[in-house]
>>> print(open('data22.csv').read())   # CSV, C-alpha atoms
chain,number,residue,atom,x,y,z
A,20,MET,CA,9.4,78.0,-77.3
A,21,SER,CA,6.3,76.8,-75.6
A,22,THR,CA,6.1,73.9,-73.2
A,23,ILE,CA,4.5,71.6,-75.8
A,24,GLU,CA,7.4,72.2,-78.1
A,25,ILE,CA,9.9,71.3,-75.5
A,26,PHE,CA,8.2,67.9,-75.2
A,27,LEU,CA,7.5,67.4,-78.9
A,28,ILE,CA,10.9,68.1,-80.4
A,29,PRO,CA,12.8,65.4,-78.6
A,30,ILE,CA,10.0,62.9,-79.2
A,31,GLY,CA,9.9,63.8,-82.9
A,32,LEU,CA,13.7,63.3,-83.1
A,33,PHE,CA,13.3,60.0,-81.3
A,34,MET,CA,10.8,59.0,-84.0
A,35,VAL,CA,13.1,59.9,-86.8
A,36,ALA,CA,15.9,58.0,-85.2
A,37,GLY,CA,13.7,55.0,-84.8
A,38,ALA,CA,12.6,55.1,-88.4
A,39,ILE,CA,16.3,55.2,-89.6
A,40,LEU,CA,17.2,52.4,-87.2
A,41,ALA,CA,14.3,50.3,-88.7
A,42,LEU,CA,15.9,50.8,-92.1
A,43,TYR,CA,19.3,49.7,-91.1
A,44,GLN,CA,18.3,46.7,-88.9
A,45,LYS,CA,20.0,43.5,-89.9
A,46,SER,CA,17.2,41.2,-88.7
A,47,LEU,CA,13.8,41.7,-90.5
A,48,ILE,CA,11.8,40.9,-87.3
A,49,ALA,CA,13.7,43.5,-85.4
A,50,ALA,CA,13.0,46.0,-88.2
A,51,ILE,CA,9.3,45.2,-88.0
A,52,VAL,CA,9.2,45.7,-84.3
A,53,THR,CA,11.2,49.0,-84.6
A,54,ALA,CA,8.7,50.3,-87.1
A,55,GLY,CA,5.9,49.4,-84.6
A,56,VAL,CA,7.7,51.4,-81.9
A,57,VAL,CA,7.8,54.4,-84.3
A,58,SER,CA,4.1,54.2,-84.6
A,59,LEU,CA,3.7,54.0,-80.9
A,60,VAL,CA,5.7,57.1,-80.4
A,61,ALA,CA,3.6,58.8,-83.0
A,62,SER,CA,0.5,58.0,-81.0
A,63,VAL,CA,2.1,59.6,-77.9
A,64,ILE,CA,2.6,62.7,-80.0
A,65,TYR,CA,-1.1,62.7,-80.9
A,66,ILE,CA,-2.0,62.5,-77.3
A,67,ILE,CA,0.2,65.5,-76.4
A,68,LEU,CA,-1.5,67.4,-79.3
A,69,ALA,CA,-4.9,66.6,-77.7
A,70,ALA,CA,-6.1,64.2,-80.5
A,71,PRO,CA,-7.0,61.0,-78.5
A,72,ASP,CA,-9.1,59.6,-81.4
A,73,VAL,CA,-6.2,59.7,-83.8
A,74,ALA,CA,-3.9,58.4,-81.1
A,75,MET,CA,-6.1,55.3,-80.5
A,76,THR,CA,-6.2,54.6,-84.3
A,77,GLU,CA,-2.4,55.0,-84.6
A,78,ALA,CA,-1.7,52.8,-81.6
A,79,ALA,CA,-4.1,50.0,-82.6
A,80,ILE,CA,-3.5,50.0,-86.3
A,81,GLY,CA,0.0,51.3,-86.7
A,82,SER,CA,1.8,49.5,-83.9
A,83,ALA,CA,-0.4,46.5,-83.1
A,84,LEU,CA,-2.2,45.2,-86.2
A,85,THR,CA,0.4,46.3,-88.9
A,86,THR,CA,3.2,44.6,-86.9
A,87,VAL,CA,1.1,41.3,-86.6
A,88,VAL,CA,0.3,41.4,-90.4
A,89,PHE,CA,3.9,42.0,-91.3
A,90,LEU,CA,5.1,39.2,-89.0
A,91,TYR,CA,2.5,36.8,-90.7
A,92,ALA,CA,3.7,38.0,-94.1
A,93,LEU,CA,7.3,37.4,-93.2
A,94,SER,CA,6.6,33.9,-91.9
A,95,ARG,CA,4.7,33.1,-95.2
A,96,ILE,CA,7.6,34.4,-97.3
A,97,ARG,CA,10.0,32.2,-95.3
A,98,LYS,CA,7.8,29.2,-95.6
A,99,GLN,CA,7.5,29.6,-99.4
A,100,GLY,CA,11.2,30.2,-99.8
A,101,GLY,CA,11.8,26.9,-97.8
A,102,SER,CA,9.5,24.9,-100.0
A,103,GLU,CA,11.2,26.2,-103.2
A,104,ASN,CA,14.6,25.1,-101.9
A,105,ASP,CA,13.4,21.5,-101.2
B,17,MET,CA,28.1,57.8,-105.7
B,18,ILE,CA,26.1,59.9,-108.1
B,19,LYS,CA,23.0,57.9,-107.3
B,20,ARG,CA,23.4,58.7,-103.6
B,21,LEU,CA,24.0,62.4,-104.4
B,22,LEU,CA,20.8,62.5,-106.5
B,23,ILE,CA,18.9,61.0,-103.7
B,24,LEU,CA,20.2,63.6,-101.3
B,25,VAL,CA,19.3,66.4,-103.7
B,26,ALA,CA,15.8,65.0,-104.1
B,27,ILE,CA,15.4,64.8,-100.3
B,28,ALA,CA,16.7,68.4,-99.9
B,29,LEU,CA,14.3,69.7,-102.6
B,30,PHE,CA,11.4,67.9,-100.9
B,31,GLY,CA,12.4,69.5,-97.6
B,32,LEU,CA,12.5,72.9,-99.3
B,33,MET,CA,9.0,72.2,-100.7
B,34,LEU,CA,7.6,71.5,-97.2
B,35,LEU,CA,9.5,74.5,-95.6
B,36,PRO,CA,6.6,77.0,-96.1
B,37,LEU,CA,4.3,74.7,-94.1
B,38,LEU,CA,6.7,74.8,-91.2
B,39,THR,CA,7.1,78.6,-91.2
B,40,ASP,CA,3.4,79.1,-91.4
B,41,LEU,CA,2.8,76.6,-88.5
B,42,GLY,CA,1.5,78.2,-85.4
B,43,PRO,CA,-1.3,77.8,-82.9
B,44,PHE,CA,-4.7,78.5,-84.3
B,45,LYS,CA,-6.2,81.5,-82.4
B,46,GLN,CA,-9.7,80.9,-83.5
B,47,LEU,CA,-11.8,78.3,-85.4
B,48,THR,CA,-12.5,78.7,-89.1
B,49,PRO,CA,-16.2,79.3,-89.9
B,50,LEU,CA,-16.8,75.7,-91.0
B,51,ALA,CA,-15.2,74.4,-87.7
B,52,THR,CA,-17.3,76.8,-85.7
B,53,ARG,CA,-20.4,75.4,-87.5
B,54,TYR,CA,-19.3,71.8,-86.7
B,55,ALA,CA,-18.4,72.6,-83.1
B,56,GLU,CA,-21.8,74.2,-82.4
B,57,GLY,CA,-23.8,71.7,-84.4
B,58,GLY,CA,-22.1,68.6,-83.1
B,59,THR,CA,-23.5,68.9,-79.6
B,60,GLY,CA,-26.6,71.0,-80.5
B,61,GLU,CA,-28.0,69.4,-83.7
B,62,LEU,CA,-26.6,65.9,-83.3
B,63,GLY,CA,-26.3,65.5,-79.5
B,64,ALA,CA,-22.9,63.8,-79.7
B,65,ALA,CA,-20.6,64.6,-76.8
B,66,ASN,CA,-17.6,63.5,-78.8
B,67,LEU,CA,-17.3,66.1,-81.6
B,68,VAL,CA,-14.9,63.9,-83.7
B,69,THR,CA,-17.6,61.2,-83.9
B,70,ALA,CA,-20.2,63.8,-84.9
B,71,VAL,CA,-18.0,64.9,-87.8
B,72,VAL,CA,-16.9,61.4,-88.8
B,73,VAL,CA,-20.3,59.7,-88.8
B,74,THR,CA,-22.7,62.5,-89.8
B,75,TYR,CA,-21.0,65.7,-91.3
B,76,ARG,CA,-18.5,63.6,-93.2
B,77,GLY,CA,-20.5,60.4,-93.3
B,78,LEU,CA,-20.0,59.9,-97.0
B,79,ASP,CA,-16.2,59.9,-96.5
B,80,THR,CA,-16.6,57.3,-93.7
B,81,LEU,CA,-18.6,55.1,-96.1
B,82,GLY,CA,-15.8,55.5,-98.6
B,83,GLU,CA,-13.2,54.5,-96.0
B,84,VAL,CA,-15.2,51.4,-95.1
B,85,THR,CA,-15.5,50.6,-98.8
B,86,VAL,CA,-11.7,50.9,-99.3
B,87,LEU,CA,-11.2,48.5,-96.4
B,88,PHE,CA,-13.6,46.1,-97.9
B,89,ALA,CA,-11.8,46.2,-101.2
B,90,ALA,CA,-8.5,45.6,-99.4
B,91,THR,CA,-9.9,42.6,-97.6
B,92,ALA,CA,-11.4,41.2,-100.8
B,93,GLY,CA,-8.0,41.7,-102.5
B,94,VAL,CA,-6.1,39.9,-99.7
B,95,GLY,CA,-8.7,37.1,-99.8
B,96,PHE,CA,-8.3,36.8,-103.5
B,97,LEU,CA,-4.5,36.8,-103.6
B,98,LEU,CA,-4.2,34.3,-100.7
B,99,ARG,CA,-7.0,31.9,-101.7
B,100,LYS,CA,-6.2,28.3,-101.8
B,101,SER,CA,-6.9,26.1,-104.8
B,102,SER,CA,-8.7,22.9,-104.0
B,103,ARG,CA,-5.6,20.9,-104.9
B,104,GLN,CA,-3.5,22.8,-102.4
B,105,LYS,CA,-6.2,22.2,-99.8
B,106,ASP,CA,-6.1,18.4,-100.4
B,107,GLU,CA,-2.4,18.3,-100.1
B,108,GLU,CA,-2.5,20.3,-96.9
B,109,ARG,CA,-5.1,18.0,-95.4
B,110,GLY,CA,-3.0,15.0,-96.3
B,111,ALA,CA,0.1,16.6,-94.7
B,112,ALA,CA,-1.9,17.4,-91.5
B,113,ASP,CA,-3.1,13.8,-91.2
B,114,SER,CA,0.3,12.3,-91.5
B,115,GLU,CA,1.6,14.9,-89.0
B,116,GLU,CA,-1.1,13.9,-86.5
B,117,ALA,CA,-0.2,10.3,-86.9
B,118,GLY,CA,3.5,11.1,-86.3
B,119,SER,CA,2.8,13.1,-83.2
B,120,ALA,CA,0.5,10.4,-81.9
B,121,GLY,CA,3.3,7.9,-82.3
B,122,GLY,CA,6.1,9.8,-80.6
B,123,GLN,CA,6.6,13.4,-79.6
B,124,ALA,CA,8.1,14.1,-83.0
B,125,GLY,CA,5.3,16.5,-84.1
B,126,ARG,CA,5.1,20.3,-83.8
B,127,SER,CA,6.4,21.7,-80.5
B,128,PRO,CA,3.5,22.4,-78.1
B,129,PHE,CA,2.4,26.0,-77.7
B,130,SER,CA,3.6,28.1,-74.8
B,131,GLU,CA,1.5,27.2,-71.8
B,132,ILE,CA,1.6,30.8,-70.5
B,133,LEU,CA,0.4,32.3,-73.8
B,134,SER,CA,-2.5,29.8,-74.3
B,135,THR,CA,-3.7,30.3,-70.7
B,136,GLY,CA,-3.3,34.0,-70.8
B,137,SER,CA,-5.1,34.3,-74.1
B,138,VAL,CA,-8.1,32.4,-72.7
B,139,ALA,CA,-8.2,34.9,-69.8
B,140,LEU,CA,-7.5,38.0,-71.9
B,141,PHE,CA,-9.6,37.3,-75.0
B,142,PRO,CA,-13.0,38.1,-73.6
B,143,LEU,CA,-11.7,41.2,-71.9
B,144,ILE,CA,-10.2,42.5,-75.1
B,145,LEU,CA,-13.4,41.7,-77.0
B,146,MET,CA,-15.4,43.6,-74.4
B,147,PHE,CA,-13.1,46.6,-74.5
B,148,GLY,CA,-13.4,46.8,-78.3
B,149,ALA,CA,-17.2,46.6,-78.0
B,150,TYR,CA,-17.1,49.3,-75.3
B,151,ILE,CA,-15.1,51.6,-77.5
B,152,PHE,CA,-17.5,51.5,-80.5
B,153,ILE,CA,-20.7,51.6,-78.4
B,154,HIS,CA,-19.4,54.6,-76.6
B,155,GLY,CA,-18.1,56.2,-79.8
B,156,HIS,CA,-20.4,59.3,-79.4
B,157,LEU,CA,-19.3,59.9,-75.8
B,158,THR,CA,-15.6,59.0,-75.4
B,159,PRO,CA,-12.6,59.1,-77.8
B,160,GLY,CA,-12.6,56.3,-80.3
B,161,GLY,CA,-15.3,54.7,-82.3
B,162,GLY,CA,-16.1,52.0,-84.9
B,163,PHE,CA,-12.6,51.8,-86.5
B,164,GLN,CA,-10.7,51.8,-83.2
B,165,GLY,CA,-13.1,49.3,-81.6
B,166,GLY,CA,-13.0,47.1,-84.6
B,167,VAL,CA,-9.2,47.0,-84.6
B,168,VAL,CA,-9.1,46.2,-80.9
B,169,ILE,CA,-11.4,43.3,-81.5
B,170,ALA,CA,-9.2,42.1,-84.4
B,171,SER,CA,-6.2,42.3,-82.1
B,172,GLY,CA,-8.0,40.1,-79.6
B,173,PHE,CA,-8.5,37.5,-82.4
B,174,ALA,CA,-4.8,37.9,-83.3
B,175,LEU,CA,-3.9,37.0,-79.8
B,176,LEU,CA,-6.2,33.9,-79.9
B,177,LEU,CA,-4.7,32.8,-83.3
B,178,ALA,CA,-1.1,33.3,-82.0
B,179,ALA,CA,-1.8,31.3,-78.9
B,180,ASN,CA,-3.2,28.3,-80.7
B,181,SER,CA,-2.4,27.9,-84.3
B,182,ALA,CA,-4.6,24.8,-84.6
B,183,ARG,CA,-7.7,26.9,-84.1
B,184,ARG,CA,-9.5,27.9,-87.2
B,185,LEU,CA,-12.0,30.7,-87.6
B,186,SER,CA,-14.9,30.2,-90.0
B,187,HIS,CA,-14.6,32.5,-93.0
B,188,GLY,CA,-18.3,32.0,-93.6
B,189,VAL,CA,-19.3,33.5,-90.2
B,190,LEU,CA,-16.9,36.4,-90.6
B,191,GLN,CA,-18.1,37.2,-94.1
B,192,LEU,CA,-21.7,37.0,-92.9
B,193,VAL,CA,-21.1,39.5,-90.1
B,194,GLU,CA,-19.2,41.8,-92.3
B,195,SER,CA,-21.6,41.9,-95.2
B,196,LEU,CA,-24.7,42.1,-92.9
B,197,SER,CA,-23.2,45.1,-91.0
B,198,GLY,CA,-22.1,46.8,-94.2
B,199,ALA,CA,-25.7,46.4,-95.6
B,200,VAL,CA,-27.2,47.7,-92.3
B,201,TYR,CA,-24.9,50.7,-92.4
B,202,VAL,CA,-26.1,51.7,-95.9
B,203,ALA,CA,-29.7,50.9,-95.0
B,204,LEU,CA,-29.4,53.3,-92.0
B,205,GLY,CA,-28.0,56.0,-94.3
B,206,VAL,CA,-31.0,55.5,-96.7
B,207,LEU,CA,-33.3,55.7,-93.7
B,208,GLY,CA,-31.8,59.1,-92.9
B,209,LEU,CA,-32.5,60.1,-96.5
B,210,VAL,CA,-36.2,59.1,-96.1
B,211,LEU,CA,-36.9,60.2,-92.6
B,212,ALA,CA,-34.5,63.1,-92.1
B,213,ALA,CA,-32.6,65.7,-94.1
B,214,GLY,CA,-30.4,63.5,-96.2
B,215,PHE,CA,-28.2,60.4,-96.8
B,216,LEU,CA,-26.5,59.4,-93.5
B,217,ASP,CA,-28.4,62.0,-91.5
B,218,THR,CA,-28.5,60.5,-88.0
B,219,THR,CA,-31.2,62.7,-86.5
B,220,PHE,CA,-34.2,60.4,-87.5
B,221,LEU,CA,-33.9,58.9,-84.0
B,222,PRO,CA,-34.5,60.9,-80.8
B,223,LEU,CA,-31.4,62.8,-79.7
B,224,GLY,CA,-31.9,62.1,-76.0
B,225,LYS,CA,-29.9,63.8,-73.3
B,226,LEU,CA,-26.3,64.9,-74.1
B,227,GLY,CA,-23.8,62.4,-72.6
B,228,GLN,CA,-26.2,59.5,-72.1
B,229,LEU,CA,-25.5,56.1,-73.7
B,230,PHE,CA,-28.8,56.2,-75.7
B,231,SER,CA,-28.4,59.6,-77.3
B,232,ALA,CA,-27.2,61.3,-80.4
B,233,GLY,CA,-29.8,59.7,-82.7
B,234,ALA,CA,-28.4,56.9,-84.9
B,235,ILE,CA,-24.7,57.6,-84.3
B,236,PRO,CA,-24.1,54.8,-81.8
B,237,ILE,CA,-26.0,52.3,-84.0
B,238,ILE,CA,-24.1,53.2,-87.1
B,239,TYR,CA,-20.7,53.2,-85.3
B,240,SER,CA,-21.5,49.8,-83.8
B,241,PHE,CA,-22.1,48.3,-87.2
B,242,VAL,CA,-18.9,50.0,-88.5
B,243,GLY,CA,-17.1,48.4,-85.6
B,244,LEU,CA,-18.4,45.0,-86.3
B,245,LYS,CA,-17.6,45.4,-90.0
B,246,VAL,CA,-14.0,46.6,-89.4
B,247,GLY,CA,-13.4,43.9,-86.8
B,248,SER,CA,-14.6,41.0,-88.9
B,249,GLU,CA,-12.8,42.3,-92.0
B,250,LEU,CA,-9.5,42.6,-90.2
B,251,THR,CA,-9.9,39.2,-88.5
B,252,ASN,CA,-10.6,37.8,-92.0
B,253,ILE,CA,-7.3,39.3,-93.3
B,254,LEU,CA,-5.4,37.7,-90.3
B,255,GLU,CA,-7.1,34.4,-90.8
B,256,SER,CA,-6.3,34.3,-94.5
B,257,LEU,CA,-2.7,35.4,-93.9
B,258,ARG,CA,-2.1,32.8,-91.3
B,259,LYS,CA,-1.9,29.6,-93.4
>>> encode(input="data22.csv", output="structure tokens")
Amino acid sequence: MSTIEIFLIPIGLFMVAGAILALYQKSLIAAIVTAGVVSLVASVIYIILAAPDVAMTEAAIGSALTTVVFLYALSRIRKQGGSEND
Amino acid sequence: MIKRLLILVAIALFGLMLLPLLTDLGPFKQLTPLATRYAEGGTGELGAANLVTAVVVTYRGLDTLGEVTVLFAATAGVGFLLRKSSRQKDEERGAADSEEAGSAGGQAGRSPFSEILSTGSVALFPLILMFGAYIFIHGHLTPGGGFQGGVVIASGFALLLAANSARRLSHGVLQLVESLSGAVYVALGVLGLVLAAGFLDTTFLPLGKLGQLFSAGAIPIIYSFVGLKVGSELTNILESLRK
């Protein structure tokens, strides 16, 4: 096993665990944030694999912008659900 | 129970399908002929210190144009789905007016925004914007480029919108920046067709010295317009999602 693999395998397992955790999260906001953390860990893996361009894209789009867009979408859904109940 | 079993079987089969990929996985000892061609041409022919940018903007320029088009279609779809009818707008305006009147009377209106967030966003927003512009202007020298820089700019606008939800961004300005930079991108590609070897060929401008800001032909110009386009598109999505 090479040095890179020693780092990569635990990080990859952490990613899988985070993804499963995001599925079983009771609160939707917590699930969105957990999914963002999975993306962030993926970008760390890209840096270890010497792909900084991909890592930047993953960190900016996967963990920052997607999280924000999901949160906005969630708040819209809640707002619409509230107006239907009125 | 049977449903869960079927799901497990499907996952196992999928894993079996991907297994050959894992066993074949190993460090590449040498570059493939195409990669060798790119690695030599990227710095030699195109003068780009960042090889990834040379491939993305020039060798695979058509794919990048396709990506930008896909992003444009996504933005157009979001704008179409979330558009407001004029009746909804009127209702909203009426509600906002009455809300303003209410908050003027007593402090019954919306809770004020966090002081720390609004002050911090004022201090951070220009820095984030500058960092985004730095990323796409230096796309041919350092990691990153138009897409990454554009997303960083959009995240700066996301911070601004989160800090002050009363602030509105003009869709007109965003669309103008977006369509203008898209048109300039295609025009630069056509310029390559006329002045150099083919569509999206970036060597029609002088290559300059490797590693300088003004080098690599038209790559920094094209990537700057891609950055502006991506940034304004994503900001447009955020702005239309917000209300």
>>> residues_around(input="data22.csv", residues="stretch 63-80 of chain A", least_positions_apart="2", cutoff="7 Å", atoms="only C-alpha atoms", output="list of chain:residue names")
A:Leu27, A:Ser58, A:Leu59, A:Val60, A:Ala61, A:Ser82, A:Ala83, A:Leu84, A:Thr85, B:Pro159, B:Gly160, B:Gln164, B:Val167, B:Val168
>>> closest_atom_pairs(input="data22.csv", of="chain B", to="chain A", cutoff="10 Å", atoms="all atoms listed in the file", output="tab-separated table")
residue	atom	partner	partner_atom	distance
B:Asn66	CA	A:Asp72	CA	9.7
B:Val68	CA	A:Asp72	CA	7.6
B:Thr69	CA	A:Asp72	CA	9.0
B:Gly155	CA	A:Asp72	CA	9.8
B:Thr158	CA	A:Asp72	CA	8.9
B:Pro159	CA	A:Asp72	CA	5.0
B:Gly160	CA	A:Asp72	CA	4.9
B:Gly161	CA	A:Asp72	CA	8.0
B:Phe163	CA	A:Thr76	CA	7.3
B:Gln164	CA	A:Thr76	CA	5.4
B:Gly165	CA	A:Ala79	CA	9.1
B:Gly166	CA	A:Ala79	CA	9.6
B:Val167	CA	A:Ala79	CA	6.2
B:Val168	CA	A:Ala79	CA	6.5
B:Ile169	CA	A:Ala79	CA	10.0
B:Ala170	CA	A:Leu84	CA	7.9
B:Ser171	CA	A:Leu84	CA	6.4
B:Ala174	CA	A:Val87	CA	7.6
B:Leu175	CA	A:Val87	CA	9.5
B:Ala178	CA	A:Val87	CA	9.5
B:Leu250	CA	A:Leu84	CA	8.7
B:Ile253	CA	A:Val88	CA	8.4
B:Leu254	CA	A:Val88	CA	6.8
B:Glu255	CA	A:Tyr91	CA	9.9
B:Ser256	CA	A:Tyr91	CA	9.9
B:Leu257	CA	A:Tyr91	CA	6.3
B:Arg258	CA	A:Tyr91	CA	6.1
B:Lys259	CA	A:Arg95	CA	7.7
>>> write_last_selection(input="data22.csv", atoms="C-alpha atoms", output="compact mmCIF listing (two decimals), in the coordinates of the input")
# COMPACT_ATOMS: atom_id res chain seq x y z
CA ASN B 66 -17.60 63.50 -78.80
CA VAL B 68 -14.90 63.90 -83.70
CA THR B 69 -17.60 61.20 -83.90
CA GLY B 155 -18.10 56.20 -79.80
CA THR B 158 -15.60 59.00 -75.40
CA PRO B 159 -12.60 59.10 -77.80
CA GLY B 160 -12.60 56.30 -80.30
CA GLY B 161 -15.30 54.70 -82.30
CA PHE B 163 -12.60 51.80 -86.50
CA GLN B 164 -10.70 51.80 -83.20
CA GLY B 165 -13.10 49.30 -81.60
CA GLY B 166 -13.00 47.10 -84.60
CA VAL B 167 -9.20 47.00 -84.60
CA VAL B 168 -9.10 46.20 -80.90
CA ILE B 169 -11.40 43.30 -81.50
CA ALA B 170 -9.20 42.10 -84.40
CA SER B 171 -6.20 42.30 -82.10
CA ALA B 174 -4.80 37.90 -83.30
CA LEU B 175 -3.90 37.00 -79.80
CA ALA B 178 -1.10 33.30 -82.00
CA LEU B 250 -9.50 42.60 -90.20
CA ILE B 253 -7.30 39.30 -93.30
CA LEU B 254 -5.40 37.70 -90.30
CA GLU B 255 -7.10 34.40 -90.80
CA SER B 256 -6.30 34.30 -94.50
CA LEU B 257 -2.70 35.40 -93.90
CA ARG B 258 -2.10 32.80 -91.30
CA LYS B 259 -1.90 29.60 -93.40
>>> atom_distance(input="data22.csv", atom1="atom CA of B:Ala92", atom2="atom CA of B:Leu244")
16.5 Å
>>> residues_around(input="data22.csv", residues="B:Val189", least_positions_apart="6", cutoff="12 Å", atoms="only C-alpha atoms", output="PyMOL selection string")
chain B and resi 195-196+248-249+251-252
>>> write_last_selection(input="data22.csv", atoms="C-alpha atoms", output="JSON list (two decimals), keeping the file's coordinate frame")
[["chain", "number", "residue", "atom", "x", "y", "z"],
["B", 195, "SER", "CA", -21.60, 41.90, -95.20],
["B", 196, "LEU", "CA", -24.70, 42.10, -92.90],
["B", 248, "SER", "CA", -14.60, 41.00, -88.90],
["B", 249, "GLU", "CA", -12.80, 42.30, -92.00],
["B", 251, "THR", "CA", -9.90, 39.20, -88.50],
["B", 252, "ASN", "CA", -10.60, 37.80, -92.00]]
>>> atom_distance(input="data22.csv", atom1="atom CA of B:Lys245", atom2="atom CA of B:Gly198")
6.3 Å
>>> atom_distance(input="data22.csv", atom1="atom CA of B:Gly162", atom2="atom CA of B:Pro236")
9.0 Å
>>> residues_around(input="data22.csv", residues="B:Val206", least_positions_apart="4", cutoff="12 Å", atoms="all atoms listed in the file", output="number ranges by chain")
B: 78, 199-202, 210-218, 220
>>> axis_aligned_box(input="data22.csv", around="stretch 189-204 of chain B", padding_each_side="8 Å", output="AutoDock Vina command-line options")
--center_x -23.3 --center_y 43.4 --center_z -93.0 --size_x 28.8 --size_y 35.8 --size_z 21.8
>>> closest_residue(input="data22.csv", among="A:Ile23, A:Ala38, A:Ala49, A:Ile28", to="A:Thr86", atoms="only C-alpha atoms")
A:Ala49
>>> residues_around(input="data22.csv", residues="B:Glu131", least_positions_apart="4", cutoff="9 Å", atoms="only C-alpha atoms", output="mmCIF file with C-alpha atoms, keeping the file's coordinate frame")
data_model
loop_
_atom_site.group_PDB
_atom_site.id
_atom_site.type_symbol
_atom_site.label_atom_id
_atom_site.label_comp_id
_atom_site.auth_asym_id
_atom_site.auth_seq_id
_atom_site.Cartn_x
_atom_site.Cartn_y
_atom_site.Cartn_z
ATOM 1 C CA THR B 135 -3.700 30.300 -70.700
ATOM 2 C CA GLY B 136 -3.300 34.000 -70.800
ATOM 3 C CA ALA B 179 -1.800 31.300 -78.900
#
>>> closest_residue(input="data22.csv", among="A:Gly31, A:Phe26, A:Gly37, A:Ser21", to="A:Ile51", atoms="all atoms listed in the file")
A:Gly37
>>> closest_residue(input="data22.csv", among="A:Val56, A:Ile30, A:Ala41, A:Leu47", to="A:Ile96", atoms="all atoms listed in the file")
A:Leu47
